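*Asks:* One structure is given below, represented as structure tokens, and several questions about it will come after.
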Amino acid sequence: MPVKLPPALQLSLGLLRCPTCRTRRLHPGRGALRCPVGHTFDIARHGYAGLLTGTRATSGDDTAMVQARNRFLSTGAYAPIRDAGARLAADAAAEQATVVDVGCGTGYYLAGVLDRLPGARGLGLDTSVRALRSAARAHDRAAAVAWDVFRPLPLADGVADVVLDVFAPRNPAEFHRVLRPTGRLIVVRPTPRHLVELRDRLPAMVTIDPAKEQRLHRALDPFFEGIVTEQVEYTAPLTRPDAQDLVTMTPSARHVSRADLNDDGLLPDEVTVSALATAYQPR
């Protein structure tokens, strides 16, 4: 039986363009999205559209990472980060805005923005089909599409009021292309103090390069000008299950041993959460 087009995907259908043709609109038909010349893309029974073709740059988060992320985010430990990104987005957009979350993961941060903008529609892009299963259910106005941020985005020019990028890779030229001239790019990234207590105890964790801010500025500067930056920093209590999920939901999971994660004496009781959230306007 063909999969019915999810209502949130119907809301965002006008934003999408055939990733093969690049300019043609996509239309629903027989459980898929199709362009006028016949390119066809499946709609998964989990509610997301699969637009990726060929070899992808990364397969994205696996099942264990997504499950760990869902559990950890449900504790509210990162809620202030979500609130900061949502506040910057809402300050820059009308209630009827179009919000595109690139590298959306499970849709947690996109849902936060949509909660602040009651009339907005959201579209999340990610390579991980496992994460997209959650993203497609994250909010009743959030559609989810499988896509690779390093490729040209399957979106028309100038359709987004907000592009959201939270702890995700960036494609500045494409962000600029799909944003309206009055739109805003919201970028949230960790500071070197983020999770410092865990990193001190677990040296195998992936480190945060101190030069990351300079690289971000160089990459974005040809396309965007920073408007406002908020620093979000606080300590959060950390149980052993929370610490295990926090490590497992990141690339550090491939480097930290299970024995270390099971060692109560090695894990801190609290952790510093530290991030920067910046709103940029297109040049």
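Going through the structure tokens in order, the chains are called A, B, and so on, while each chain numbers its residues from 1 and the ligands are numbered from 1 in the order shown.
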If we count only C-alpha atoms, what is near Ala142 (chain A) at a cut-off of 12 Å, once residues fewer than 3 positions away on the same chain are taken out, given as a PyMOL selection string?

*Replies:* chain A and resi 6-13+47-48+98-101+104+106-115+118-125+132-139+145

*Asks:* Quick check for you: according to DSSP on this backbone, which residues of region 89-256 of chain A are classed as strand (DSSP E)? Reply as a PyMOL selection string.

*Replies:* chain A and resi 98-102+121-126+142-146+160-166+179-190+224-237

*Asks:* Counting only C-alpha atoms, what is within 8 Å of Asp126 (chain A), bar same-chain residues fewer than 5 positions away, as JSON, numbers by chain?

*Replies:* {"A": [60, 102, 103, 104, 105, 131, 132, 144, 145, 146, 147, 148, 149]}

*Asks:* May I have the residues from that selection written out with all heavy atoms, as a PDB file, in the first residue's frame?

*Replies:*
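Result saved to part_1.pdb:
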ATOM      1  N   GLY A  60      25.588   9.188   8.818  1.00  0.00           N
ATOM      2  CA  GLY A  60      24.926   9.831   9.940  1.00  0.00           C
ATOM      3  C   GLY A  60      24.885   8.959  11.177  1.00  0.00           C
ATOM      4  O   GLY A  60      25.547   7.920  11.272  1.00  0.00           O
ATOM      5  N   VAL A 102      19.352  22.337   9.220  1.00  0.00           N
ATOM      6  CA  VAL A 102      20.307  21.532   8.463  1.00  0.00           C
ATOM      7  C   VAL A 102      21.156  20.726   9.443  1.00  0.00           C
ATOM      8  O   VAL A 102      21.802  21.286  10.325  1.00  0.00           O
ATOM      9  CB  VAL A 102      21.200  22.419   7.580  1.00  0.00           C
ATOM     10  CG1 VAL A 102      22.139  21.567   6.749  1.00  0.00           C
ATOM     11  CG2 VAL A 102      20.339  23.285   6.669  1.00  0.00           C
ATOM     12  N   GLY A 103      21.143  19.401   9.275  1.00  0.00           N
ATOM     13  CA  GLY A 103      21.745  18.526  10.268  1.00  0.00           C
ATOM     14  C   GLY A 103      20.844  18.440  11.483  1.00  0.00           C
ATOM     15  O   GLY A 103      21.268  18.571  12.623  1.00  0.00           O
ATOM     16  N   CYS A 104      19.557  18.198  11.232  1.00  0.00           N
ATOM     17  CA  CYS A 104      18.521  18.338  12.261  1.00  0.00           C
ATOM     18  C   CYS A 104      18.549  17.242  13.312  1.00  0.00           C
ATOM     19  O   CYS A 104      17.934  17.389  14.372  1.00  0.00           O
ATOM     20  CB  CYS A 104      17.135  18.377  11.613  1.00  0.00           C
ATOM     21  SG  CYS A 104      16.646  16.825  10.812  1.00  0.00           S
ATOM     22  N   GLY A 105      19.227  16.120  13.048  1.00  0.00           N
ATOM     23  CA  GLY A 105      19.213  15.027  14.006  1.00  0.00           C
ATOM     24  C   GLY A 105      17.798  14.558  14.278  1.00  0.00           C
ATOM     25  O   GLY A 105      17.024  14.302  13.353  1.00  0.00           O
ATOM     26  N   ALA A 131      17.826   8.907  12.630  1.00  0.00           N
ATOM     27  CA  ALA A 131      17.464  10.174  13.268  1.00  0.00           C
ATOM     28  C   ALA A 131      16.213  10.758  12.627  1.00  0.00           C
ATOM     29  O   ALA A 131      15.364  11.338  13.325  1.00  0.00           O
ATOM     30  CB  ALA A 131      18.624  11.157  13.166  1.00  0.00           C
ATOM     31  N   LEU A 132      16.083  10.612  11.311  1.00  0.00           N
ATOM     32  CA  LEU A 132      14.934  11.190  10.612  1.00  0.00           C
ATOM     33  C   LEU A 132      13.614  10.553  11.048  1.00  0.00           C
ATOM     34  O   LEU A 132      12.564  11.191  10.989  1.00  0.00           O
ATOM     35  CB  LEU A 132      15.118  11.047   9.103  1.00  0.00           C
ATOM     36  CG  LEU A 132      16.179  11.968   8.500  1.00  0.00           C
ATOM     37  CD1 LEU A 132      16.507  11.543   7.071  1.00  0.00           C
ATOM     38  CD2 LEU A 132      15.735  13.428   8.532  1.00  0.00           C
ATOM     39  N   ALA A 144      10.615  16.079   7.424  1.00  0.00           N
ATOM     40  CA  ALA A 144      11.982  15.565   7.500  1.00  0.00           C
ATOM     41  C   ALA A 144      12.374  14.966   6.160  1.00  0.00           C
ATOM     42  O   ALA A 144      11.588  14.249   5.524  1.00  0.00           O
ATOM     43  CB  ALA A 144      12.092  14.515   8.604  1.00  0.00           C
ATOM     44  N   VAL A 145      13.597  15.273   5.737  1.00  0.00           N
ATOM     45  CA  VAL A 145      14.100  14.839   4.431  1.00  0.00           C
ATOM     46  C   VAL A 145      15.528  14.331   4.587  1.00  0.00           C
ATOM     47  O   VAL A 145      16.350  14.973   5.252  1.00  0.00           O
ATOM     48  CB  VAL A 145      14.065  16.004   3.421  1.00  0.00           C
ATOM     49  CG1 VAL A 145      14.831  15.669   2.158  1.00  0.00           C
ATOM     50  CG2 VAL A 145      12.621  16.370   3.081  1.00  0.00           C
ATOM     51  N   ALA A 146      15.818  13.198   3.970  1.00  0.00           N
ATOM     52  CA  ALA A 146      17.180  12.673   3.967  1.00  0.00           C
ATOM     53  C   ALA A 146      18.011  13.447   2.954  1.00  0.00           C
ATOM     54  O   ALA A 146      17.710  13.451   1.752  1.00  0.00           O
ATOM     55  CB  ALA A 146      17.167  11.184   3.617  1.00  0.00           C
ATOM     56  N   TRP A 147      19.066  14.111   3.456  1.00  0.00           N
ATOM     57  CA  TRP A 147      19.935  14.884   2.581  1.00  0.00           C
ATOM     58  C   TRP A 147      21.291  15.090   3.226  1.00  0.00           C
ATOM     59  O   TRP A 147      21.441  14.999   4.443  1.00  0.00           O
ATOM     60  CB  TRP A 147      19.313  16.231   2.205  1.00  0.00           C
ATOM     61  CG  TRP A 147      20.064  16.877   1.073  1.00  0.00           C
ATOM     62  CD1 TRP A 147      20.882  17.962   1.124  1.00  0.00           C
ATOM     63  CD2 TRP A 147      20.125  16.391  -0.266  1.00  0.00           C
ATOM     64  NE1 TRP A 147      21.429  18.206  -0.113  1.00  0.00           N
ATOM     65  CE2 TRP A 147      20.988  17.243  -0.986  1.00  0.00           C
ATOM     66  CE3 TRP A 147      19.538  15.311  -0.925  1.00  0.00           C
ATOM     67  CZ2 TRP A 147      21.273  17.049  -2.328  1.00  0.00           C
ATOM     68  CZ3 TRP A 147      19.811  15.130  -2.257  1.00  0.00           C
ATOM     69  CH2 TRP A 147      20.667  15.992  -2.961  1.00  0.00           C
ATOM     70  N   ASP A 148      22.284  15.364   2.386  1.00  0.00           N
ATOM     71  CA  ASP A 148      23.669  15.555   2.816  1.00  0.00           C
ATOM     72  C   ASP A 148      24.011  17.037   2.734  1.00  0.00           C
ATOM     73  O   ASP A 148      23.956  17.638   1.653  1.00  0.00           O
ATOM     74  CB  ASP A 148      24.580  14.737   1.882  1.00  0.00           C
ATOM     75  CG  ASP A 148      26.037  14.770   2.272  1.00  0.00           C
ATOM     76  OD1 ASP A 148      26.419  15.632   3.082  1.00  0.00           O
ATOM     77  OD2 ASP A 148      26.801  13.938   1.758  1.00  0.00           O
ATOM     78  N   VAL A 149      24.350  17.649   3.870  1.00  0.00           N
ATOM     79  CA  VAL A 149      24.608  19.083   3.930  1.00  0.00           C
ATOM     80  C   VAL A 149      25.744  19.520   3.009  1.00  0.00           C
ATOM     81  O   VAL A 149      25.791  20.666   2.570  1.00  0.00           O
ATOM     82  CB  VAL A 149      24.926  19.508   5.383  1.00  0.00           C
ATOM     83  CG1 VAL A 149      26.185  18.839   5.891  1.00  0.00           C
ATOM     84  CG2 VAL A 149      25.051  21.014   5.501  1.00  0.00           C
TER      85      VAL A 149
END

*Asks:* Between A:Val271, A:Leu26, A:Ala92, A:Ala168, which one has atoms that come closest to Tyr234 (chain A), using only C-alpha atoms?

*Replies:*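 Residue with the minimum atom-to-atom distance to Tyr234 (chain A): A:Val271.
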
*Asks:* Need the shell around Arg199 (chain A): protein/DNA/RNA residues with any atom at most 12 Å away, counting only C-alpha atoms. Skip same-chain ones fewer than 2 positions apart. Format as a VMD selection string?

*Replies:* chain A and resid 192 to 197 201 to 208 243 246 to 247 252 255 to 256 266 to 268 271 to 272

*Asks:* Go ahead and dump the residues you just picked, N, CA, C and O atoms, as a tab-separated table (two decimals), in the first residue's frame.

*Replies:*
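Ended up saving to result20.tsv:
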chain	number	residue	atom	x	y	z
A	192	PRO	N	35.25	25.61	23.86
A	192	PRO	CA	36.23	24.65	24.41
A	192	PRO	C	35.91	24.19	25.83
A	192	PRO	O	36.42	23.16	26.27
A	193	ARG	N	35.04	24.93	26.55
A	193	ARG	CA	34.67	24.51	27.91
A	193	ARG	C	33.54	23.49	27.94
A	193	ARG	O	33.23	22.94	29.00
A	194	HIS	N	32.95	23.22	26.79
A	194	HIS	CA	31.80	22.32	26.74
A	194	HIS	C	32.22	20.90	27.18
A	194	HIS	O	33.16	20.32	26.63
A	195	LEU	N	31.54	20.40	28.20
A	195	LEU	CA	31.77	19.04	28.73
A	195	LEU	C	33.20	18.85	29.22
A	195	LEU	O	33.74	17.75	29.17
A	196	VAL	N	33.81	19.92	29.73
A	196	VAL	CA	35.22	19.85	30.08
A	196	VAL	C	35.50	18.80	31.15
A	196	VAL	O	36.55	18.12	31.12
A	197	GLU	N	34.57	18.61	32.09
A	197	GLU	CA	34.80	17.62	33.14
A	197	GLU	C	34.84	16.20	32.57
A	197	GLU	O	35.67	15.38	33.00
A	201	ARG	N	38.22	13.60	32.30
A	201	ARG	CA	38.20	12.23	32.84
A	201	ARG	C	38.33	11.16	31.76
A	201	ARG	O	38.79	10.06	32.03
A	202	LEU	N	37.88	11.51	30.56
A	202	LEU	CA	37.89	10.54	29.44
A	202	LEU	C	38.69	11.13	28.28
A	202	LEU	O	38.14	11.68	27.34
A	203	PRO	N	40.03	11.04	28.34
A	203	PRO	CA	40.88	11.67	27.33
A	203	PRO	C	40.61	11.19	25.90
A	203	PRO	O	40.98	11.88	24.94
A	204	ALA	N	39.97	10.03	25.76
A	204	ALA	CA	39.71	9.52	24.42
A	204	ALA	C	38.57	10.26	23.72
A	204	ALA	O	38.37	10.09	22.51
A	205	MET	N	37.84	11.08	24.47
A	205	MET	CA	36.75	11.84	23.84
A	205	MET	C	37.30	12.78	22.78
A	205	MET	O	38.42	13.29	22.90
A	206	VAL	N	36.49	13.04	21.75
A	206	VAL	CA	36.88	13.97	20.70
A	206	VAL	C	37.00	15.36	21.30
A	206	VAL	O	36.11	15.83	22.01
A	207	THR	N	38.12	16.02	21.02
A	207	THR	CA	38.36	17.36	21.58
A	207	THR	C	37.72	18.44	20.70
A	207	THR	O	37.36	18.19	19.55
A	208	ILE	N	37.61	19.64	21.26
A	208	ILE	CA	37.11	20.79	20.52
A	208	ILE	C	38.30	21.68	20.18
A	208	ILE	O	38.99	22.18	21.07
A	243	ALA	N	25.62	10.22	31.56
A	243	ALA	CA	26.98	10.33	31.02
A	243	ALA	C	27.19	9.32	29.89
A	243	ALA	O	27.79	9.65	28.85
A	246	LEU	N	25.35	10.67	26.92
A	246	LEU	CA	25.99	11.88	26.41
A	246	LEU	C	27.20	11.54	25.55
A	246	LEU	O	27.44	12.17	24.51
A	247	VAL	N	27.96	10.54	25.95
A	247	VAL	CA	29.11	10.11	25.15
A	247	VAL	C	28.64	9.32	23.93
A	247	VAL	O	29.12	9.53	22.82
A	252	SER	N	32.41	10.62	19.88
A	252	SER	CA	33.30	10.11	20.93
A	252	SER	C	32.98	8.66	21.28
A	252	SER	O	33.84	7.95	21.84
A	255	HIS	N	35.45	6.08	20.43
A	255	HIS	CA	36.79	6.16	21.01
A	255	HIS	C	36.84	5.82	22.49
A	255	HIS	O	37.89	5.43	23.00
A	256	VAL	N	35.73	5.99	23.20
A	256	VAL	CA	35.70	5.76	24.65
A	256	VAL	C	35.26	4.32	24.91
A	256	VAL	O	34.29	3.84	24.33
A	266	LEU	N	35.12	7.23	37.70
A	266	LEU	CA	35.74	7.99	36.63
A	266	LEU	C	34.84	9.11	36.12
A	266	LEU	O	35.32	10.11	35.58
A	267	LEU	N	33.53	8.96	36.29
A	267	LEU	CA	32.59	9.91	35.72
A	267	LEU	C	32.26	11.03	36.71
A	267	LEU	O	32.06	10.79	37.90
A	268	PRO	N	32.19	12.28	36.24
A	268	PRO	CA	31.88	13.41	37.13
A	268	PRO	C	30.40	13.41	37.51
A	268	PRO	O	29.55	12.85	36.82
A	271	VAL	N	28.49	18.42	34.92
A	271	VAL	CA	29.26	18.75	33.73
A	271	VAL	C	28.93	20.17	33.28
A	271	VAL	O	27.80	20.64	33.45
A	272	THR	N	29.92	20.85	32.74
A	272	THR	CA	29.69	22.20	32.18
A	272	THR	C	29.15	22.08	30.77
A	272	THR	O	29.71	21.37	29.93

*Asks:* So, counting only C-alpha atoms, which residue among A:Gly31, A:Gly158, A:Pro222, A:Gly50 is closest to Cys18 (chain A)?

*Replies:*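 Comparing A:Gly31, A:Gly158, A:Pro222, A:Gly50 against Cys18 (chain A), the winner is A:Gly50.
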
*Asks:* To one decimal place, how far is CA of Ala89 (chain A) from CA of Arg180 (chain A) in Å?

*Replies:*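 Taking CA of Ala89 (chain A) and CA of Arg180 (chain A), their separation equals 13.9 Å.
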
*Asks:* List every residue of region 83-202 of chain A that DSSP, applied to the backbone of this structure, assigns to alpha helix (DSSP H), and report them as an MDAnalysis selection string.

*Replies:* chainID A and resid 83:92 108:116 129:135 172:178 196:201

*Asks:* Excluding Ala32 (chain A) and any residue of its chain fewer than 6 positions from it, enumerate the residues within 7 Å of it, using only C-alpha atoms, and give them as a JSON list (two decimals) with all heavy atoms, in the first residue's frame.

*Replies:*
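As written to disk, part.json reads:
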[["chain", "number", "residue", "atom", "x", "y", "z"],
["A", 40, "THR", "N", 12.15, 9.91, -9.20],
["A", 40, "THR", "CA", 11.24, 9.47, -8.14],
["A", 40, "THR", "C", 11.99, 9.26, -6.84],
["A", 40, "THR", "O", 13.08, 8.69, -6.83],
["A", 40, "THR", "CB", 10.54, 8.16, -8.55],
["A", 40, "THR", "OG1", 9.85, 8.37, -9.79],
["A", 40, "THR", "CG2", 9.54, 7.72, -7.50],
["A", 41, "PHE", "N", 11.39, 9.71, -5.73],
["A", 41, "PHE", "CA", 12.01, 9.62, -4.42],
["A", 41, "PHE", "C", 10.98, 9.10, -3.42],
["A", 41, "PHE", "O", 9.88, 9.65, -3.32],
["A", 41, "PHE", "CB", 12.55, 10.99, -3.99],
["A", 41, "PHE", "CG", 13.44, 11.62, -5.03],
["A", 41, "PHE", "CD1", 12.89, 12.47, -5.98],
["A", 41, "PHE", "CD2", 14.78, 11.30, -5.09],
["A", 41, "PHE", "CE1", 13.69, 13.03, -6.97],
["A", 41, "PHE", "CE2", 15.59, 11.85, -6.08],
["A", 41, "PHE", "CZ", 15.04, 12.71, -7.02],
["A", 42, "ASP", "N", 11.35, 8.07, -2.70],
["A", 42, "ASP", "CA", 10.41, 7.40, -1.81],
["A", 42, "ASP", "C", 10.06, 8.24, -0.58],
["A", 42, "ASP", "O", 10.89, 9.00, -0.08],
["A", 42, "ASP", "CB", 10.98, 6.06, -1.33],
["A", 42, "ASP", "CG", 11.05, 5.04, -2.45],
["A", 42, "ASP", "OD1", 10.31, 5.19, -3.44],
["A", 42, "ASP", "OD2", 11.85, 4.09, -2.33],
["A", 43, "ILE", "N", 8.86, 8.05, -0.11],
["A", 43, "ILE", "CA", 8.44, 8.54, 1.20],
["A", 43, "ILE", "C", 8.43, 7.34, 2.13],
["A", 43, "ILE", "O", 7.69, 6.37, 1.91],
["A", 43, "ILE", "CB", 7.05, 9.19, 1.15],
["A", 43, "ILE", "CG1", 7.04, 10.38, 0.19],
["A", 43, "ILE", "CG2", 6.63, 9.65, 2.55],
["A", 43, "ILE", "CD1", 5.65, 10.94, -0.06]]

*Asks:* Write out as CSV the residues of region 144-209 of chain A that have any atom within 10 Å of an atom of region 78-88 of chain A, one row each with the nearest atom pair and its distance in Å to one decimal, counting only C-alpha atoms, sorted by chain and then rising number.

*Replies:*
residue,atom,partner,partner_atom,distance
A:Val162,CA,A:Leu88,CA,9.8
A:Leu164,CA,A:Gly85,CA,8.0
A:Asp165,CA,A:Gly85,CA,9.1
A:Val166,CA,A:Gly85,CA,8.1
A:Arg184,CA,A:Leu88,CA,9.0
A:Leu185,CA,A:Leu88,CA,9.5
A:Ile186,CA,A:Gly85,CA,6.8
A:Val187,CA,A:Gly85,CA,7.9
A:Val188,CA,A:Gly85,CA,7.0
A:Arg189,CA,A:Ile81,CA,9.7

*Asks:* Export, as a PDB file, in the first residue's frame, the selected residues with C-alpha atoms.

*Replies:*
ATOM      1  CA  VAL A 162      15.580  30.932   9.151  1.00  0.00           C
ATOM      2  CA  LEU A 164      19.139  26.604  11.822  1.00  0.00           C
ATOM      3  CA  ASP A 165      22.464  24.837  12.357  1.00  0.00           C
ATOM      4  CA  VAL A 166      22.991  23.326  15.807  1.00  0.00           C
ATOM      5  CA  ARG A 184      18.695  34.802   9.406  1.00  0.00           C
ATOM      6  CA  LEU A 185      21.189  32.007   9.883  1.00  0.00           C
ATOM      7  CA  ILE A 186      21.338  30.707  13.464  1.00  0.00           C
ATOM      8  CA  VAL A 187      24.512  28.777  14.295  1.00  0.00           C
ATOM      9  CA  VAL A 188      24.990  27.040  17.638  1.00  0.00           C
ATOM     10  CA  ARG A 189      28.344  25.446  18.420  1.00  0.00           C
TER      11      ARG A 189
END

*Asks:* What gap, in Å, lies between CA of Arg69 (chain A) and CA of Met249 (chain A)?

*Replies:*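 Computing the Euclidean distance for CA of Arg69 (chain A) and CA of Met249 (chain A) yields 5.1 Å.
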
*Asks:* So that I can check the surroundings of Ala64 (chain A), please list as a PyMOL selection string every protein, DNA and RNA residue that reaches within 12 Å of it, counting only C-alpha atoms and ignoring chain neighbours fewer than 2 positions away.

*Replies:* chain A and resi 60-62+66-71+128+130-131+244-251+253-254

*Asks:* Can you tell me how far CA of Ala94 (chain A) sits from CA of Asn171 (chain A), in Å to one decimal?

*Replies:*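 Going from CA of Ala94 (chain A) over to CA of Asn171 (chain A), I get 24.4 Å.
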
*Asks:* Tell me which of A:Leu51, A:Val232, A:Leu238, A:Leu5 sits closest to Pro152 (chain A), counting only C-alpha atoms.

*Replies:*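 Smallest distance to Pro152 (chain A) is found for A:Leu51.
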